[in-house]
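See below for the structure under consideration.
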Amino acid sequence: MVEIIDIAEGAGNEIAGKPIVAALESGAVLRLARPSFVLSEEERGLVARGMGAGMAKNVSYSQESVTLKGTPAQGAERALLAGMLARYADYGVALLREIAPSYISGLKMGRTSFRPVEIADRETSWRKDDRRLHVDAFPSTPTGGARILRLFLNIDQAGRPRCWRVGPDFEAYATRFLPHVPRAWPGAASLLAALHITKTRRTRYDQIMLGLHDAAKADMGWQANAPARAVDFLPGQAWMAFTDQVPHAAMSGCNALEQSFYVSPDVLACPASSPLAVLSRLTGRDLTRPLF
Ligand code: SIN
Ligand code: FE
């Protein structure tokens, strides 16, 4: 069972005498009932106006290049949106400095996103359908074993919870779907990189993580009966998890902020419980080498 652990901002980097990073790396979801990040009145108005209708799934912001994508908003509205996302990115780093200081030296910022579209009735392909349980693995962004840590915040102004299912644990997920991961064909990784489909060369690890993601989403029998629990995140609540480890499905909800971080394997507190370690053990292979 995936654990949901309530933590409080300002209470340091331990929970019940144990480092918070150990809880995260064991595959728990951390929930913050009262995050200090709050929207301004203008931002609340922007969210309440329903930016989402008929739009892309995400408005995304890059702190690195200071660019905003996925919205037709212009002028003052665009600036307000960019400002909210920039502030949320800063908040995410400040939160990690407090609760997971050991990660800071191995941290890379990923994208910041605003998710204005109702999940329950979004039309999408099965592979992109996040209402199906999966662990995150991105076709264009191989991590090579760096971890995907994500911080969400429900900013809905109409009281709607964001309803997730989480579970089972990573080892059960991997054991179940490893036999269904297709073998990579020779030359695949170099070709994908040469065609700029991937930003860097895929490793065996990346290929297996993608294969697990697809096999899990394709198995509707498992989706219906998997040992997963439902958890609702209420407006105003934030939550954080290694989404490359915790099987999750977002079933319904509208208006969330999300910040992705990549955490280097070098700064993990319990590298032995990482997906890379679990998959290396289950396959008996070195998965860190690039595919050819
Ligand atoms: C996902 O990572 O699968 C989507 C989560 C969400 O938007 O709540
Ligand atoms: Fe996901």
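Residues in the structure tokens are named by chain (A, B, ... in the order shown) and by number from 1 within that chain; ligands are numbered from 1 in the order shown.
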Segment 22-244 of chain A: residues DSSP assigns to strand (DSSP E), reported as a PyMOL selection string:
chain A and resi 29-32+59-62+67-69+107-115+147-154+162-166+229-233+238-242
Please provide as JSON, numbers by chain all residues within 9 Å of segment 143-152 of chain A, with the sequence filter that same-chain residues fewer than 4 positions apart are discarded (counting only C-alpha atoms).
{"A": [92, 110, 136, 137, 138, 200, 201, 202, 203, 204, 205, 206, 237, 238, 239, 240, 241, 242, 243, 244, 245, 256, 257, 258, 259, 260, 261, 262, 263, 264, 265, 266, 274, 275, 276, 287, 288, 289, 290]}
Shell of 10 Å around segment 222-225 of chain A, only C-alpha atoms, local chain residues under 4 positions omitted, as a VMD selection string:
chain A and resid 131 to 134 176 216 to 218 249
Writing out the chosen residues with C-alpha atoms as a PDB file, in the first residue's frame:
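Saved result, result-v6.pdb, follows:
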```pdb
ATOM      1  CA  ARG A 131      -6.500   8.338 -15.668  1.00  0.00           C
ATOM      2  CA  ARG A 132      -4.764   4.989 -16.110  1.00  0.00           C
ATOM      3  CA  LEU A 133      -2.301   3.923 -13.410  1.00  0.00           C
ATOM      4  CA  HIS A 134       1.321   4.379 -14.466  1.00  0.00           C
ATOM      5  CA  ARG A 176       3.901  -7.598 -13.223  1.00  0.00           C
ATOM      6  CA  ALA A 216       0.398  -0.848 -17.558  1.00  0.00           C
ATOM      7  CA  LYS A 217      -1.797   1.659 -19.406  1.00  0.00           C
ATOM      8  CA  ALA A 218      -2.710  -0.942 -22.031  1.00  0.00           C
ATOM      9  CA  ALA A 249      -3.702   7.838 -11.900  1.00  0.00           C
TER      10      ALA A 249
END
```
I'd like to know which of A:Gln207, A:Ser113, A:Ser26, A:Ser140 is closest to ligand 1, using only C-alpha atoms and all ligand atoms.
A:Ser113
One decimal, in Å: what's the spacing between atom CA of Val38 of chain A and atom CA of Arg78 of chain A?
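Taking atom CA of Val38 of chain A and atom CA of Arg78 of chain A, their separation equals 18.8 Å.
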Test item: residues at most 10 Å from Glu77 of chain A, only C-alpha atoms, excluding those fewer than 5 positions along its chain, as a PyMOL selection string:
chain A and resi 42-43+46+72+82-83
Residues from the last selection, N, CA and C atoms, saved as a JSON list (two decimals), in the first residue's frame:
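Output saved as selection.json:
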```json
[["chain", "number", "residue", "atom", "x", "y", "z"],
["A", 42, "GLU", "N", -5.91, 38.50, -7.85],
["A", 42, "GLU", "CA", -5.89, 38.52, -9.33],
["A", 42, "GLU", "C", -5.70, 37.11, -9.90],
["A", 43, "GLU", "N", -4.78, 36.37, -9.28],
["A", 43, "GLU", "CA", -4.52, 35.00, -9.76],
["A", 43, "GLU", "C", -5.75, 34.11, -9.55],
["A", 46, "LEU", "N", -8.10, 34.77, -12.31],
["A", 46, "LEU", "CA", -7.62, 34.17, -13.55],
["A", 46, "LEU", "C", -8.00, 32.67, -13.60],
["A", 72, "PRO", "N", -2.94, 30.81, -25.27],
["A", 72, "PRO", "CA", -3.07, 31.95, -26.18],
["A", 72, "PRO", "C", -3.09, 33.29, -25.42],
["A", 82, "ALA", "N", 2.41, 33.86, -16.15],
["A", 82, "ALA", "CA", 3.86, 33.59, -16.06],
["A", 82, "ALA", "C", 4.36, 33.88, -14.64],
["A", 83, "GLY", "N", 3.85, 34.97, -14.07],
["A", 83, "GLY", "CA", 4.28, 35.35, -12.72],
["A", 83, "GLY", "C", 3.89, 34.31, -11.69]]
```
Backbone-only DSSP, alpha helix (DSSP H) members of segment 56-285 of chain A, as a PyMOL selection string
chain A and resi 75-99+170-177+188-194+204-218+220-225+275-283
Got time to write the residues from that selection, C-alpha atoms, as a PDB file, in the first residue's frame?
```
ATOM      1  CA  GLY A  75      -0.689  41.043 -22.364  1.00  0.00           C
ATOM      2  CA  ALA A  76      -1.553  41.434 -18.703  1.00  0.00           C
ATOM      3  CA  GLU A  77      -3.165  38.012 -18.480  1.00  0.00           C
ATOM      4  CA  ARG A  78      -0.064  36.302 -19.879  1.00  0.00           C
ATOM      5  CA  ALA A  79       2.161  38.196 -17.455  1.00  0.00           C
ATOM      6  CA  LEU A  80      -0.064  37.205 -14.549  1.00  0.00           C
ATOM      7  CA  LEU A  81       0.076  33.539 -15.576  1.00  0.00           C
ATOM      8  CA  ALA A  82       3.856  33.588 -16.060  1.00  0.00           C
ATOM      9  CA  GLY A  83       4.280  35.348 -12.721  1.00  0.00           C
ATOM     10  CA  MET A  84       2.186  32.742 -10.904  1.00  0.00           C
ATOM     11  CA  LEU A  85       4.200  29.890 -12.405  1.00  0.00           C
ATOM     12  CA  ALA A  86       7.553  31.580 -11.719  1.00  0.00           C
ATOM     13  CA  ARG A  87       6.524  32.131  -8.111  1.00  0.00           C
ATOM     14  CA  TYR A  88       5.407  28.503  -7.795  1.00  0.00           C
ATOM     15  CA  ALA A  89       8.776  27.287  -9.159  1.00  0.00           C
ATOM     16  CA  ASP A  90      10.564  29.390  -6.522  1.00  0.00           C
ATOM     17  CA  TYR A  91       8.226  28.076  -3.860  1.00  0.00           C
ATOM     18  CA  GLY A  92       9.037  24.487  -4.877  1.00  0.00           C
ATOM     19  CA  VAL A  93      12.762  25.039  -4.452  1.00  0.00           C
ATOM     20  CA  ALA A  94      12.297  26.803  -1.124  1.00  0.00           C
ATOM     21  CA  LEU A  95      10.139  23.920   0.105  1.00  0.00           C
ATOM     22  CA  LEU A  96      12.774  21.359  -0.900  1.00  0.00           C
ATOM     23  CA  ARG A  97      15.477  23.412   0.831  1.00  0.00           C
ATOM     24  CA  GLU A  98      13.513  22.954   4.003  1.00  0.00           C
ATOM     25  CA  ILE A  99      12.209  19.400   3.795  1.00  0.00           C
ATOM     26  CA  PHE A 170       6.931  -0.160  -7.556  1.00  0.00           C
ATOM     27  CA  GLU A 171       8.276  -3.675  -7.212  1.00  0.00           C
ATOM     28  CA  ALA A 172       4.827  -5.214  -7.690  1.00  0.00           C
ATOM     29  CA  TYR A 173       4.234  -2.961 -10.714  1.00  0.00           C
ATOM     30  CA  ALA A 174       7.616  -3.820 -12.242  1.00  0.00           C
ATOM     31  CA  THR A 175       7.293  -7.554 -11.596  1.00  0.00           C
ATOM     32  CA  ARG A 176       3.901  -7.598 -13.223  1.00  0.00           C
ATOM     33  CA  PHE A 177       4.817  -5.692 -16.388  1.00  0.00           C
ATOM     34  CA  ALA A 188      17.170   2.512 -31.689  1.00  0.00           C
ATOM     35  CA  ALA A 189      18.717   4.889 -29.162  1.00  0.00           C
ATOM     36  CA  SER A 190      21.170   6.526 -31.589  1.00  0.00           C
ATOM     37  CA  LEU A 191      18.472   6.932 -34.201  1.00  0.00           C
ATOM     38  CA  LEU A 192      16.006   8.531 -31.765  1.00  0.00           C
ATOM     39  CA  ALA A 193      18.730  10.932 -30.628  1.00  0.00           C
ATOM     40  CA  ALA A 194      19.829  11.702 -34.201  1.00  0.00           C
ATOM     41  CA  ARG A 204      18.176   0.452 -20.987  1.00  0.00           C
ATOM     42  CA  TYR A 205      16.608   1.900 -17.863  1.00  0.00           C
ATOM     43  CA  ASP A 206      14.667   4.513 -19.864  1.00  0.00           C
ATOM     44  CA  GLN A 207      13.542   1.914 -22.367  1.00  0.00           C
ATOM     45  CA  ILE A 208      12.242  -0.375 -19.627  1.00  0.00           C
ATOM     46  CA  MET A 209      10.481   2.481 -17.802  1.00  0.00           C
ATOM     47  CA  LEU A 210       8.678   3.458 -21.017  1.00  0.00           C
ATOM     48  CA  GLY A 211       7.780  -0.161 -21.669  1.00  0.00           C
ATOM     49  CA  LEU A 212       6.334  -0.534 -18.167  1.00  0.00           C
ATOM     50  CA  HIS A 213       4.344   2.700 -18.584  1.00  0.00           C
ATOM     51  CA  ASP A 214       2.787   1.511 -21.835  1.00  0.00           C
ATOM     52  CA  ALA A 215       2.171  -2.070 -20.706  1.00  0.00           C
ATOM     53  CA  ALA A 216       0.398  -0.848 -17.558  1.00  0.00           C
ATOM     54  CA  LYS A 217      -1.797   1.659 -19.406  1.00  0.00           C
ATOM     55  CA  ALA A 218      -2.710  -0.942 -22.031  1.00  0.00           C
ATOM     56  CA  MET A 220      -7.498  -2.516 -18.694  1.00  0.00           C
ATOM     57  CA  GLY A 221      -8.100  -5.635 -16.591  1.00  0.00           C
ATOM     58  CA  TRP A 222      -5.252  -4.654 -14.312  1.00  0.00           C
ATOM     59  CA  GLN A 223      -6.376  -1.003 -14.310  1.00  0.00           C
ATOM     60  CA  ALA A 224      -9.780  -2.063 -12.980  1.00  0.00           C
ATOM     61  CA  ASN A 225      -8.506  -4.461 -10.327  1.00  0.00           C
ATOM     62  CA  PRO A 275      13.394   2.126  -9.594  1.00  0.00           C
ATOM     63  CA  LEU A 276      16.844   1.734 -11.179  1.00  0.00           C
ATOM     64  CA  ALA A 277      17.999  -0.514  -8.315  1.00  0.00           C
ATOM     65  CA  VAL A 278      14.768  -2.517  -8.277  1.00  0.00           C
ATOM     66  CA  LEU A 279      14.837  -3.054 -12.059  1.00  0.00           C
ATOM     67  CA  SER A 280      18.564  -3.907 -12.033  1.00  0.00           C
ATOM     68  CA  ARG A 281      17.875  -6.536  -9.400  1.00  0.00           C
ATOM     69  CA  LEU A 282      14.838  -7.959 -11.199  1.00  0.00           C
ATOM     70  CA  THR A 283      16.588  -8.144 -14.588  1.00  0.00           C
TER      71      THR A 283
END
```
Two-atom distance - atom CA of Ser252 of chain A, atom CA of Arg122 of chain A (Å)
9.5 Å
Considering only C-alpha atoms, state which residue in the set A:His196, A:Val231, A:Asp129, A:Pro116 is at the smallest distance from Arg49 of chain A.
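That would be A:Pro116, the residue with the smallest distance to Arg49 of chain A.
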Rank A:Val246, A:Val166, A:Ala100, A:Cys254 by their smallest atom-to-atom distance to Val21 of chain A, using only C-alpha atoms, and report the top residue only.
A:Ala100
Excluding Ile7 of chain A and any residue of its chain fewer than 5 positions from it, enumerate the residues within 7 Å of it, using only C-alpha atoms, and give them as a ChimeraX atom specification.
/A:30-32
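Proximity ranking of A:Pro139, A:Gly253, A:Gly10, A:Gly236 relative to ligand 1 places A:Gly253 first, based on only C-alpha atoms and all ligand atoms.
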To one decimal place, how far is atom CA of Tyr61 of chain A from atom CA of Asp232 of chain A in Å?
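Atom CA of Asp232 of chain A lies at a distance of 25.8 Å from atom CA of Tyr61 of chain A.
For the choices A:Arg183, A:Lys69, A:His248, A:Arg162, the atom-to-atom distance to ligand 2 is smallest for A:His248 when using only C-alpha atoms and all ligand atoms.
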Looking at only C-alpha atoms and all ligand atoms, which of A:Ile15, A:Leu234, A:Cys163, A:Leu195 is the one that sits closest to ligand 1?
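Smallest distance to ligand 1 is found for A:Cys163.
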